[in-house]
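Asker: One file is attached below, work.cif, containing mmCIF, C-alpha atoms.
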```cif
data_query
#
loop_
_atom_site.label_atom_id
_atom_site.label_comp_id
_atom_site.auth_asym_id
_atom_site.auth_seq_id
_atom_site.Cartn_x
_atom_site.Cartn_y
_atom_site.Cartn_z
CA MET A 11 -10.66 143.05 -171.10
CA LYS A 12 -12.76 142.12 -168.09
CA TYR A 13 -11.68 139.48 -165.58
CA GLY A 14 -13.95 136.74 -164.24
CA ILE A 15 -14.23 137.50 -160.52
CA LEU A 16 -15.23 133.90 -159.74
CA ASN A 17 -11.70 132.88 -160.76
CA PHE A 18 -10.24 134.76 -157.76
CA SER A 19 -9.64 133.31 -154.33
CA LYS A 20 -9.85 135.91 -151.56
CA PRO A 21 -6.05 136.31 -151.27
CA SER A 22 -5.66 136.70 -155.03
CA LEU A 23 -8.57 139.17 -155.14
CA ILE A 24 -7.03 141.25 -152.35
CA LYS A 25 -3.76 141.38 -154.28
CA PHE A 26 -5.49 142.32 -157.54
CA LEU A 27 -7.59 145.06 -155.93
CA SER A 28 -4.53 146.56 -154.25
CA GLU A 29 -3.12 147.35 -157.71
CA TYR A 30 -6.07 149.74 -158.11
CA ASN A 31 -5.73 151.14 -154.57
CA ILE A 32 -8.91 149.38 -153.48
CA PRO A 33 -8.63 148.44 -149.77
CA LYS A 34 -8.53 144.88 -148.47
CA PHE A 35 -11.92 144.99 -146.73
CA ARG A 36 -13.63 145.39 -150.10
CA ALA A 37 -12.65 141.81 -150.95
CA ASP A 38 -14.53 140.64 -147.86
CA GLN A 39 -17.58 142.62 -148.97
CA LEU A 40 -17.41 141.19 -152.47
CA PHE A 41 -17.15 137.62 -151.20
CA ILE A 42 -20.21 138.12 -149.01
CA TRP A 43 -22.23 139.56 -151.90
CA LEU A 44 -21.08 136.88 -154.34
CA TYR A 45 -21.13 133.74 -152.20
CA ARG A 46 -23.64 134.51 -149.45
CA PHE A 47 -26.21 136.48 -151.40
CA GLY A 48 -25.53 135.35 -154.96
CA ALA A 49 -25.25 138.88 -156.41
CA GLN A 50 -25.01 138.95 -160.20
CA SER A 51 -24.35 142.70 -160.54
CA PHE A 52 -21.96 145.03 -158.77
CA PHE A 53 -24.66 147.69 -158.88
CA ALA A 54 -26.78 145.56 -156.52
CA MET A 55 -24.11 145.75 -153.80
CA SER A 56 -25.70 148.42 -151.60
CA ASN A 57 -22.78 149.01 -149.19
CA ILE A 58 -20.40 149.82 -152.04
CA GLY A 59 -20.38 153.37 -153.43
CA LYS A 60 -21.49 154.08 -156.99
CA ASP A 61 -18.01 155.09 -158.18
CA LEU A 62 -16.50 151.85 -156.91
CA GLN A 63 -19.41 149.87 -158.34
CA LYS A 64 -18.58 151.36 -161.74
CA THR A 65 -14.87 150.58 -161.31
CA LEU A 66 -15.62 146.98 -160.37
CA ASP A 67 -18.01 146.61 -163.29
CA ASP A 68 -15.27 147.85 -165.63
CA LEU A 69 -12.78 145.37 -164.19
CA PHE A 70 -14.87 142.22 -163.71
CA TYR A 71 -17.81 140.20 -164.90
CA ILE A 72 -19.81 137.85 -162.65
CA TYR A 73 -20.08 134.55 -164.44
CA ARG A 74 -23.10 132.29 -164.74
CA PRO A 75 -23.55 129.38 -167.12
CA LYS A 76 -26.82 129.16 -169.01
CA ILE A 77 -29.39 126.46 -168.21
CA ILE A 78 -30.32 124.66 -171.44
CA GLN A 79 -32.49 122.03 -169.79
CA ALA A 80 -33.58 121.16 -166.25
CA GLN A 81 -34.92 117.73 -165.34
CA LYS A 82 -36.35 116.62 -162.03
CA SER A 83 -36.38 112.99 -160.95
CA GLN A 84 -39.20 111.29 -159.08
CA ASP A 85 -36.87 111.21 -156.05
CA GLY A 86 -36.26 114.99 -156.19
CA THR A 87 -32.84 114.90 -157.85
CA ILE A 88 -32.32 117.72 -160.34
CA LYS A 89 -30.08 117.50 -163.39
CA LEU A 90 -29.07 120.67 -165.23
CA LEU A 91 -27.70 120.70 -168.75
CA LEU A 92 -25.51 123.80 -168.82
CA ASP A 93 -24.01 125.84 -171.63
CA LEU A 94 -20.77 127.30 -170.31
CA SER A 95 -20.39 129.78 -173.17
CA ASN A 96 -22.81 132.27 -171.65
CA CYS A 97 -20.00 134.81 -171.49
CA GLU A 98 -18.08 135.94 -174.57
CA GLU A 99 -14.73 135.43 -172.84
CA LEU A 100 -15.33 131.67 -172.70
CA PRO A 101 -15.15 129.03 -175.46
CA LYS A 102 -18.34 128.46 -177.43
CA GLU A 103 -20.52 125.35 -177.61
CA SER A 104 -19.38 123.98 -174.27
CA ARG A 105 -21.95 121.88 -172.46
CA ILE A 106 -21.87 119.82 -169.28
CA GLU A 107 -24.30 118.22 -166.85
CA THR A 108 -24.48 119.03 -163.15
CA VAL A 109 -26.60 117.25 -160.53
CA PHE A 110 -28.26 118.52 -157.35
CA ILE A 111 -29.23 115.82 -154.84
CA PRO A 112 -31.51 117.03 -152.01
CA ASP A 113 -31.90 114.99 -148.84
CA ILE A 114 -33.40 115.37 -145.38
CA LYS A 115 -30.05 115.90 -143.65
CA ARG A 116 -27.94 117.35 -146.48
CA ASN A 117 -28.00 118.80 -149.96
CA THR A 118 -25.28 117.63 -152.32
CA ILE A 119 -24.05 119.02 -155.62
CA CYS A 120 -22.22 116.71 -158.00
CA LEU A 121 -19.78 118.88 -159.95
CA SER A 122 -18.16 118.23 -163.32
CA SER A 123 -14.48 119.10 -163.81
CA GLN A 124 -14.13 118.46 -167.55
CA ILE A 125 -16.25 118.46 -170.70
CA GLY A 126 -16.34 114.75 -171.40
CA CYS A 127 -13.64 112.46 -170.00
CA SER A 128 -10.43 111.00 -171.39
CA VAL A 129 -10.12 108.12 -168.90
CA GLY A 130 -12.52 105.91 -170.84
CA CYS A 131 -13.86 103.54 -168.17
CA LYS A 132 -15.99 101.07 -170.10
CA PHE A 133 -18.91 101.20 -167.67
CA CYS A 134 -19.22 105.01 -167.77
CA ASN A 135 -21.43 106.87 -170.22
CA THR A 136 -19.41 110.09 -169.92
CA GLY A 137 -16.20 108.55 -171.22
CA SER A 138 -17.95 106.92 -174.15
CA HIS A 139 -18.59 110.35 -175.67
CA GLY A 140 -14.97 111.52 -175.72
CA PHE A 141 -13.15 114.47 -174.19
CA LYS A 142 -13.11 118.16 -175.14
CA ARG A 143 -11.35 120.23 -172.47
CA ASN A 144 -10.84 121.07 -168.80
CA LEU A 145 -13.17 123.48 -167.04
CA SER A 146 -11.83 126.77 -165.72
CA THR A 147 -12.10 127.65 -162.03
CA GLU A 148 -15.09 129.92 -162.67
CA GLU A 149 -16.82 127.22 -164.72
CA ILE A 150 -16.55 124.87 -161.75
CA ILE A 151 -17.71 127.57 -159.33
CA GLY A 152 -20.42 128.57 -161.80
CA GLN A 153 -22.11 125.18 -161.41
CA PHE A 154 -22.37 125.76 -157.67
CA MET A 155 -23.78 129.24 -158.23
CA ILE A 156 -26.36 128.31 -160.87
CA VAL A 157 -27.68 125.44 -158.76
CA LYS A 158 -28.19 127.82 -155.84
CA ASP A 159 -29.89 130.25 -158.24
CA TYR A 160 -32.19 127.55 -159.57
CA VAL A 161 -33.07 125.94 -156.24
CA GLY A 162 -33.34 129.23 -154.35
CA LEU A 163 -30.74 128.87 -151.61
CA TRP A 164 -29.56 132.50 -151.50
CA ASN A 165 -30.35 135.48 -149.28
CA ARG A 166 -30.74 133.66 -145.99
CA LEU A 167 -28.43 132.44 -143.28
CA PRO A 168 -28.96 128.69 -143.03
CA SER A 169 -29.49 127.03 -139.66
CA ASN A 170 -29.31 123.46 -140.91
CA ASP A 171 -27.54 121.60 -143.72
CA GLU A 172 -30.94 121.07 -145.36
CA ASP A 173 -31.08 124.84 -145.94
CA ARG A 174 -27.81 125.02 -147.83
CA LEU A 175 -25.59 123.28 -150.33
CA SER A 176 -23.73 121.42 -147.61
CA ASN A 177 -21.87 118.72 -149.57
CA ILE A 178 -19.80 118.87 -152.74
CA VAL A 179 -18.63 115.82 -154.66
CA PHE A 180 -16.40 115.94 -157.73
CA MET A 181 -18.07 112.90 -159.25
CA GLY A 182 -19.64 114.45 -162.33
CA MET A 183 -18.17 114.54 -165.81
CA GLY A 184 -14.40 114.21 -166.11
CA GLU A 185 -11.38 113.09 -164.10
CA PRO A 186 -10.70 115.78 -161.45
CA LEU A 187 -7.00 115.01 -161.12
CA TYR A 188 -6.42 115.82 -164.79
CA ASN A 189 -7.69 119.32 -163.95
CA ILE A 190 -6.34 119.45 -160.42
CA GLN A 191 -5.15 123.07 -160.34
CA ASN A 192 -8.56 124.50 -161.23
CA VAL A 193 -10.35 122.00 -158.99
CA LEU A 194 -8.22 122.95 -155.97
CA GLU A 195 -8.63 126.66 -156.69
CA ALA A 196 -12.41 126.20 -156.84
CA ILE A 197 -12.35 124.30 -153.55
CA GLU A 198 -10.34 127.09 -151.89
CA ILE A 199 -13.00 129.59 -152.95
CA LEU A 200 -15.93 127.43 -151.87
CA MET A 201 -14.38 126.91 -148.44
CA GLU A 202 -13.56 130.60 -147.94
CA ASP A 203 -16.74 132.32 -146.79
CA LYS A 204 -17.39 131.66 -143.10
CA GLU A 205 -21.17 131.86 -143.36
CA GLN A 206 -21.77 129.67 -146.40
CA GLY A 207 -18.34 128.11 -146.83
CA VAL A 208 -18.29 124.33 -147.20
CA SER A 209 -16.31 122.26 -144.69
CA ARG A 210 -13.38 120.29 -146.06
CA ARG A 211 -14.96 117.19 -144.52
CA LYS A 212 -17.96 117.68 -146.80
CA ILE A 213 -16.00 117.96 -150.04
CA THR A 214 -14.99 114.77 -151.84
CA ILE A 215 -12.70 114.39 -154.82
CA SER A 216 -13.24 111.13 -156.69
CA THR A 217 -10.51 109.80 -158.95
CA ALA A 218 -9.96 106.77 -161.14
CA GLY A 219 -6.39 106.75 -159.86
CA VAL A 220 -4.00 109.12 -161.62
CA VAL A 221 -1.16 108.02 -159.37
CA PRO A 222 1.58 110.58 -160.22
CA ILE A 223 -0.74 113.56 -159.71
CA LEU A 224 -2.28 112.07 -156.58
CA ASP A 225 1.21 111.50 -155.20
CA THR A 226 2.11 115.19 -155.62
CA ILE A 227 -0.95 116.45 -153.72
CA VAL A 228 -1.62 113.68 -151.21
CA LYS A 229 0.09 115.47 -148.31
CA SER A 230 -1.65 118.78 -148.89
CA LEU A 231 -5.05 117.49 -150.06
CA ASN A 232 -7.49 119.05 -147.65
CA THR A 233 -10.63 117.13 -148.59
CA LYS A 234 -12.04 113.65 -148.48
CA LEU A 235 -10.82 111.22 -151.12
CA ALA A 236 -12.79 108.63 -153.06
CA ILE A 237 -11.10 106.03 -155.25
CA SER A 238 -13.02 104.57 -158.19
CA LEU A 239 -11.60 101.09 -157.72
CA HIS A 240 -14.27 98.74 -159.13
CA ALA A 241 -12.00 95.66 -159.17
CA PRO A 242 -9.86 93.77 -156.67
CA ASN A 243 -7.08 92.81 -159.09
CA ASP A 244 -5.26 94.10 -162.16
CA GLU A 245 -6.68 91.47 -164.51
CA ILE A 246 -10.26 92.68 -164.10
CA ARG A 247 -9.40 96.35 -163.69
CA ASN A 248 -7.30 96.39 -166.86
CA GLU A 249 -10.36 95.27 -168.81
CA ILE A 250 -12.87 97.76 -167.44
CA MET A 251 -10.59 100.72 -166.61
CA PRO A 252 -7.80 101.36 -169.15
CA ILE A 253 -6.05 103.74 -166.73
CA ASN A 254 -5.03 100.69 -164.69
CA ARG A 255 -2.58 99.71 -167.44
CA LEU A 256 -0.73 102.94 -166.66
CA TYR A 257 -1.12 102.94 -162.88
CA ASN A 258 -1.88 99.54 -161.45
CA ILE A 259 -3.67 98.68 -158.23
CA ASP A 260 -0.48 98.17 -156.22
CA SER A 261 0.78 101.68 -157.02
CA LEU A 262 -2.64 103.14 -156.24
CA ILE A 263 -2.93 101.38 -152.88
CA LYS A 264 0.53 102.64 -151.88
CA ILE A 265 -0.63 106.23 -152.44
CA CYS A 266 -3.82 105.55 -150.48
CA LYS A 267 -1.76 104.35 -147.52
CA LYS A 268 0.31 107.53 -147.75
CA TYR A 269 -2.91 109.59 -147.67
CA CYS A 270 -4.00 107.76 -144.51
CA GLN A 271 -0.66 108.50 -142.86
CA HIS A 272 -1.03 112.23 -143.47
CA HIS A 273 -4.78 112.45 -142.84
CA SER A 274 -5.44 110.01 -140.03
CA SER A 275 -8.87 111.45 -139.24
CA LEU A 276 -10.17 111.04 -142.80
CA ARG A 277 -11.27 107.75 -144.28
CA ILE A 278 -10.85 106.88 -147.93
CA THR A 279 -13.97 105.76 -149.74
CA PHE A 280 -13.39 103.00 -152.28
CA GLU A 281 -16.16 103.04 -154.86
CA TYR A 282 -17.07 99.63 -156.19
CA LEU A 283 -19.53 99.30 -159.06
CA MET A 284 -21.17 95.88 -159.11
CA LEU A 285 -21.08 94.42 -162.63
CA LYS A 286 -22.80 91.10 -163.24
CA ASN A 287 -20.34 88.23 -163.80
CA VAL A 288 -17.42 90.66 -163.99
CA ASN A 289 -16.36 91.75 -160.49
CA ASP A 290 -19.14 90.51 -158.20
CA SER A 291 -18.02 87.01 -157.20
CA LYS A 292 -17.27 85.80 -153.68
CA LYS A 293 -13.64 85.45 -154.74
CA CYS A 294 -13.58 89.12 -155.72
CA ALA A 295 -15.05 90.09 -152.35
CA LEU A 296 -12.36 88.16 -150.48
CA GLU A 297 -9.63 89.66 -152.68
CA LEU A 298 -10.99 93.14 -152.03
CA ALA A 299 -11.07 92.60 -148.29
CA THR A 300 -7.43 91.47 -148.37
CA LEU A 301 -6.42 94.39 -150.57
CA LEU A 302 -7.92 96.99 -148.22
CA HIS A 303 -6.75 95.39 -144.97
CA GLY A 304 -5.02 97.94 -142.75
CA ILE A 305 -6.35 101.00 -144.60
CA ASN A 306 -8.71 103.45 -142.92
CA ALA A 307 -11.35 102.83 -145.54
CA LYS A 308 -14.92 102.11 -146.34
CA VAL A 309 -16.33 100.51 -149.47
CA ASN A 310 -19.23 102.24 -151.18
CA VAL A 311 -21.01 99.59 -153.22
CA ILE A 312 -22.74 101.01 -156.29
CA ARG A 313 -25.48 99.34 -158.30
CA PHE A 314 -24.84 99.65 -162.02
CA ASN A 315 -26.93 102.22 -163.86
CA SER A 316 -27.38 101.29 -167.49
CA TRP A 317 -27.17 103.62 -170.48
CA PRO A 318 -27.73 103.15 -174.22
CA GLY A 319 -25.06 100.97 -175.79
CA CYS A 320 -23.43 99.75 -172.59
CA GLU A 321 -22.11 96.20 -172.48
CA PHE A 322 -22.68 95.55 -168.77
CA SER A 323 -25.64 94.61 -166.61
CA GLU A 324 -26.49 95.01 -162.96
CA SER A 325 -25.63 92.38 -160.35
CA ASN A 326 -28.70 90.93 -158.66
CA LYS A 327 -29.68 91.89 -155.13
CA LYS A 328 -28.64 88.58 -153.54
CA THR A 329 -25.18 88.77 -155.11
CA ILE A 330 -24.69 92.33 -153.87
CA LEU A 331 -25.79 91.46 -150.33
CA ASN A 332 -23.51 88.40 -150.23
CA PHE A 333 -20.61 90.54 -151.49
CA MET A 334 -21.20 93.14 -148.79
CA ASP A 335 -21.55 90.49 -146.12
CA ILE A 336 -18.16 88.99 -146.98
CA LEU A 337 -16.55 92.42 -146.71
CA ALA A 338 -18.26 93.11 -143.39
CA ARG A 339 -17.21 89.77 -141.93
CA ASN A 340 -13.64 90.62 -142.89
CA GLY A 341 -13.72 93.92 -141.05
CA ILE A 342 -14.38 96.25 -144.00
CA ASP A 343 -16.97 98.97 -143.39
CA THR A 344 -19.40 98.73 -146.30
CA THR A 345 -22.34 100.83 -147.45
CA ILE A 346 -24.51 100.80 -150.54
CA ARG A 347 -24.90 104.06 -152.40
CA SER A 348 -28.41 105.41 -152.60
CA ARG A 349 -29.57 105.31 -156.20
CA ARG A 350 -30.69 108.82 -157.11
CA GLY A 351 -31.84 110.34 -160.39
CA ARG A 352 -31.76 107.16 -162.43
CA ASP A 353 -35.00 107.95 -164.26
CA ILE A 354 -33.49 111.15 -165.70
CA MET A 355 -30.04 109.66 -166.46
CA ALA A 356 -28.48 111.50 -163.51
CA ALA A 357 -27.19 108.53 -161.53
CA CYS A 358 -23.57 107.35 -161.23
CA GLY A 359 -21.98 106.83 -164.62
CA GLN A 360 -24.92 108.17 -166.65
CA LEU A 361 -23.94 111.78 -167.31
CA GLN A 362 -23.12 112.71 -170.91
CA VAL A 363 -23.40 115.34 -173.60
CA ASN A 364 -22.81 114.88 -177.31
CA LEU A 365 -19.51 116.58 -178.07
#
```
Please lay out the structure from this file as structure tokens.
Answerer:
Amino acid sequence: MKYGILNFSKPSLIKFLSEYNIPKFRADQLFIWLYRFGAQSFFAMSNIGKDLQKTLDDLFYIYRPKIIQAQKSQDGTIKLLLDLSNCEELPKESRIETVFIPDIKRNTICLSSQIGCSVGCKFCNTGSHGFKRNLSTEEIIGQFMIVKDYVGLWNRLPSNDEDRLSNIVFMGMGEPLYNIQNVLEAIEILMEDKEQGVSRRKITISTAGVVPILDTIVKSLNTKLAISLHAPNDEIRNEIMPINRLYNIDSLIKICKKYCQHHSSLRITFEYLMLKNVNDSKKCALELATLLHGINAKVNVIRFNSWPGCEFSESNKKTILNFMDILARNGIDTTIRSRRGRDIMAACGQLQVNL
């Protein structure tokens, strides 16, 4: 049996190689070839001898998902439909969507952590199609790799963030906290390489609020945190986010305050999707400002992106601006999320595959 090398952090790879009397420095070489240059074959690694190349090829495979479809938005956003079963060791018929968002100052990849989603937020297309399984570490890493393959960001040392995949957001398909072990292992790997490694301040985990799991990792979580809040009270949130019936807003806010205590230099982003006549009133804005008072936070206001069969509609521009103004006047830092990839169903809440 071969092992997927993208499942190994550098410490775990060093330990594994030592069992075959392969010295520690080889792990450094492998990480450079894999994550700086995007090598897909051990035989392409020119500073590794042929005998060792053969040994490595017998031990490992270098995983890549298969691109089924690539779509490019008018704004430059790219959405990839990926088949994860491109290697016989992985389950068959496993498809996800991954999004690459280029910008002048940064390039962002929106990673999926599950096939489908079990949380079932009513405004999200992903959850409406059910849940199949968690992604493995290499399937998460594989999205990062295949995007760099497709866009052509290998084989050069970047001088600016525009030359690299500088930002990672776990805001694709699935609830990251329900796959937290593999998500954290993937993050460890992506932060490892000193030349192309991603800063912890440029990695964001977004969660609908799985309070018990968040509580266990909040002290050690080494990335930015985004909370999909979308309502200022339990009455509204219970209706649009079933998870709130398990873990209400009060319990979620307590964990957020704990995060701020342990990570004073990092702000929490509260994501707030504006739904017409649901959560966009002046009263809701005032409630939200009160709820977030005293937390090192910003609110990221999101315009609703429709999808076939959805029951919600987008708040109008005036309502959104009034909502943001109320938050600002109450001392809450507020931004509006740039709407990217909407014309190819790649915007917030639009990702889906038929399971």
Asker: Between CA of Tyr45 (chain A) and CA of Arg174 (chain A), what is the distance in Å, rounded to a tenth?
Answerer: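 About the pair CA of Tyr45 (chain A) and CA of Arg174 (chain A): they are 11.8 Å apart.
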Asker: Rounded to one decimal in Å, what is the spacing between CA of Phe53 (chain A) and CA of Asn31 (chain A)?
Answerer: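 Separating CA of Phe53 (chain A) from CA of Asn31 (chain A) is a distance of 19.7 Å.
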Asker: Can you list, as a PyMOL selection string, every protein, DNA or RNA residue that comes within 8 Å of Phe141 (chain A) when you count all atoms listed in the file, leaving out same-chain residues fewer than 5 positions away?
Answerer: chain A and resi 124-128+365
Asker: Could you list, as a PDB file with C-alpha atoms, in the coordinates of the input, every residue within 9 Å of region 183-199 of chain A, counting all atoms listed in the file and ignoring same-chain residues fewer than 2 positions away?
Answerer:
```
ATOM      1  CA  LEU A  16     -15.230 133.900-159.740  1.00  0.00           C
ATOM      2  CA  ASN A  17     -11.700 132.880-160.760  1.00  0.00           C
ATOM      3  CA  PHE A  18     -10.240 134.760-157.760  1.00  0.00           C
ATOM      4  CA  SER A  19      -9.640 133.310-154.330  1.00  0.00           C
ATOM      5  CA  LYS A  20      -9.850 135.910-151.560  1.00  0.00           C
ATOM      6  CA  ILE A 106     -21.870 119.820-169.280  1.00  0.00           C
ATOM      7  CA  GLU A 107     -24.300 118.220-166.850  1.00  0.00           C
ATOM      8  CA  THR A 108     -24.480 119.030-163.150  1.00  0.00           C
ATOM      9  CA  LEU A 121     -19.780 118.880-159.950  1.00  0.00           C
ATOM     10  CA  SER A 122     -18.160 118.230-163.320  1.00  0.00           C
ATOM     11  CA  SER A 123     -14.480 119.100-163.810  1.00  0.00           C
ATOM     12  CA  GLN A 124     -14.130 118.460-167.550  1.00  0.00           C
ATOM     13  CA  ILE A 125     -16.250 118.460-170.700  1.00  0.00           C
ATOM     14  CA  GLY A 126     -16.340 114.750-171.400  1.00  0.00           C
ATOM     15  CA  CYS A 127     -13.640 112.460-170.000  1.00  0.00           C
ATOM     16  CA  SER A 128     -10.430 111.000-171.390  1.00  0.00           C
ATOM     17  CA  VAL A 129     -10.120 108.120-168.900  1.00  0.00           C
ATOM     18  CA  THR A 136     -19.410 110.090-169.920  1.00  0.00           C
ATOM     19  CA  GLY A 137     -16.200 108.550-171.220  1.00  0.00           C
ATOM     20  CA  PHE A 141     -13.150 114.470-174.190  1.00  0.00           C
ATOM     21  CA  ASN A 144     -10.840 121.070-168.800  1.00  0.00           C
ATOM     22  CA  LEU A 145     -13.170 123.480-167.040  1.00  0.00           C
ATOM     23  CA  SER A 146     -11.830 126.770-165.720  1.00  0.00           C
ATOM     24  CA  THR A 147     -12.100 127.650-162.030  1.00  0.00           C
ATOM     25  CA  GLU A 148     -15.090 129.920-162.670  1.00  0.00           C
ATOM     26  CA  ILE A 150     -16.550 124.870-161.750  1.00  0.00           C
ATOM     27  CA  ILE A 151     -17.710 127.570-159.330  1.00  0.00           C
ATOM     28  CA  PHE A 180     -16.400 115.940-157.730  1.00  0.00           C
ATOM     29  CA  MET A 181     -18.070 112.900-159.250  1.00  0.00           C
ATOM     30  CA  MET A 201     -14.380 126.910-148.440  1.00  0.00           C
ATOM     31  CA  GLU A 202     -13.560 130.600-147.940  1.00  0.00           C
ATOM     32  CA  ASP A 203     -16.740 132.320-146.790  1.00  0.00           C
ATOM     33  CA  GLY A 207     -18.340 128.110-146.830  1.00  0.00           C
ATOM     34  CA  VAL A 208     -18.290 124.330-147.200  1.00  0.00           C
ATOM     35  CA  ARG A 210     -13.380 120.290-146.060  1.00  0.00           C
ATOM     36  CA  ILE A 213     -16.000 117.960-150.040  1.00  0.00           C
ATOM     37  CA  ILE A 215     -12.700 114.390-154.820  1.00  0.00           C
ATOM     38  CA  SER A 216     -13.240 111.130-156.690  1.00  0.00           C
ATOM     39  CA  THR A 217     -10.510 109.800-158.950  1.00  0.00           C
ATOM     40  CA  ALA A 218      -9.960 106.770-161.140  1.00  0.00           C
ATOM     41  CA  GLY A 219      -6.390 106.750-159.860  1.00  0.00           C
ATOM     42  CA  VAL A 220      -4.000 109.120-161.620  1.00  0.00           C
ATOM     43  CA  ILE A 223      -0.740 113.560-159.710  1.00  0.00           C
ATOM     44  CA  LEU A 224      -2.280 112.070-156.580  1.00  0.00           C
ATOM     45  CA  LEU A 231      -5.050 117.490-150.060  1.00  0.00           C
ATOM     46  CA  THR A 233     -10.630 117.130-148.590  1.00  0.00           C
ATOM     47  CA  GLY A 359     -21.980 106.830-164.620  1.00  0.00           C
ATOM     48  CA  LEU A 361     -23.940 111.780-167.310  1.00  0.00           C
ATOM     49  CA  GLN A 362     -23.120 112.710-170.910  1.00  0.00           C
TER      50      GLN A 362
END
```
Asker: Tell me, as a PyMOL selection string, which residues lie within 7 Å of region 250-262 of chain A, counting all atoms listed in the file; anything in the same chain fewer than 2 positions away does not count.
Answerer: chain A and resi 129-133+219-221+243-244+246-248+264-266
Asker: Which distance in Å separates CA of Gly182 (chain A) and CA of Ala356 (chain A), to one decimal?
Answerer: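 Calculated distance between CA of Gly182 (chain A) and CA of Ala356 (chain A) is 9.4 Å.
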Asker: Hey, which of A:Cys120, A:Ile305, A:Cys270, A:Ile156 ends up closest to Asp93 (chain A)? Count all atoms listed in the file.
Answerer: A:Ile156
Asker: Considering only C-alpha atoms, state which residue in the set A:Ser51, A:Ser274, A:Gln63, A:Thr226 is at the smallest distance from Arg36 (chain A).
Answerer: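 Result for the nearest residue to Arg36 (chain A): A:Gln63.
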Asker: Here is a test: counting all atoms listed in the file, which residue of A:Phe47, A:Ile336, A:Val228, A:Asn289 is nearest to Gly162 (chain A)?
Answerer: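 Residue with the minimum atom-to-atom distance to Gly162 (chain A): A:Phe47.
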Asker: Which residue gives the smallest distance to Ser275 (chain A) among A:Arg211, A:Leu301, A:Ala338, A:His240, with all atoms listed in the file counted?
Answerer: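 Using all atoms listed in the file, Ser275 (chain A) sits closest to A:Arg211.
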Asker: Select, counting only C-alpha atoms, all protein, DNA and RNA residues no farther than 12 Å from (-31.8, 125.6, -163.9) in file coordinates, and express the selection as a ChimeraX atom specification.
Answerer: /A:74-82,88-93,107-110,152-162
Asker: When the PyMOL selection byres ((chain A and resi 323) around 12) is applied to the file above, which residues end up in the set, as a PDB file with C-alpha atoms, keeping the file's coordinate frame?
Answerer:
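Done, and the output landed in out.pdb:
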```
ATOM      1  CA  PHE A 133     -18.910 101.200-167.670  1.00  0.00           C
ATOM      2  CA  LEU A 283     -19.530  99.300-159.060  1.00  0.00           C
ATOM      3  CA  MET A 284     -21.170  95.880-159.110  1.00  0.00           C
ATOM      4  CA  LEU A 285     -21.080  94.420-162.630  1.00  0.00           C
ATOM      5  CA  LYS A 286     -22.800  91.100-163.240  1.00  0.00           C
ATOM      6  CA  ASN A 287     -20.340  88.230-163.800  1.00  0.00           C
ATOM      7  CA  VAL A 288     -17.420  90.660-163.990  1.00  0.00           C
ATOM      8  CA  ASN A 289     -16.360  91.750-160.490  1.00  0.00           C
ATOM      9  CA  ASP A 290     -19.140  90.510-158.200  1.00  0.00           C
ATOM     10  CA  ARG A 313     -25.480  99.340-158.300  1.00  0.00           C
ATOM     11  CA  PHE A 314     -24.840  99.650-162.020  1.00  0.00           C
ATOM     12  CA  ASN A 315     -26.930 102.220-163.860  1.00  0.00           C
ATOM     13  CA  SER A 316     -27.380 101.290-167.490  1.00  0.00           C
ATOM     14  CA  TRP A 317     -27.170 103.620-170.480  1.00  0.00           C
ATOM     15  CA  PRO A 318     -27.730 103.150-174.220  1.00  0.00           C
ATOM     16  CA  GLY A 319     -25.060 100.970-175.790  1.00  0.00           C
ATOM     17  CA  CYS A 320     -23.430  99.750-172.590  1.00  0.00           C
ATOM     18  CA  GLU A 321     -22.110  96.200-172.480  1.00  0.00           C
ATOM     19  CA  PHE A 322     -22.680  95.550-168.770  1.00  0.00           C
ATOM     20  CA  GLU A 324     -26.490  95.010-162.960  1.00  0.00           C
ATOM     21  CA  SER A 325     -25.630  92.380-160.350  1.00  0.00           C
ATOM     22  CA  ASN A 326     -28.700  90.930-158.660  1.00  0.00           C
TER      23      ASN A 326
END
```
Asker: Here is a test: counting all atoms listed in the file, which residue of A:Leu94, A:Ile58, A:Ile330, A:Ala307 is nearest to Cys294 (chain A)?
Answerer: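 Once distances to Cys294 (chain A) are computed over all atoms listed in the file, the minimum belongs to A:Ile330.
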Asker: Just want the 10 Å neighbourhood of Asp38 (chain A), counted on only C-alpha atoms, with same-chain residues fewer than 4 positions away dropped. Output as number ranges by chain.
Answerer: A: 20, 23-24, 33-34, 42-44, 203
Asker: Run through the PyMOL selection byres ((chain A and resi 176) around 6) on the given coordinates and return the selected residues as a list in words.
Answerer: Arg116, Asn117, Asp171, Arg174, Leu175 and Asn177 of chain A
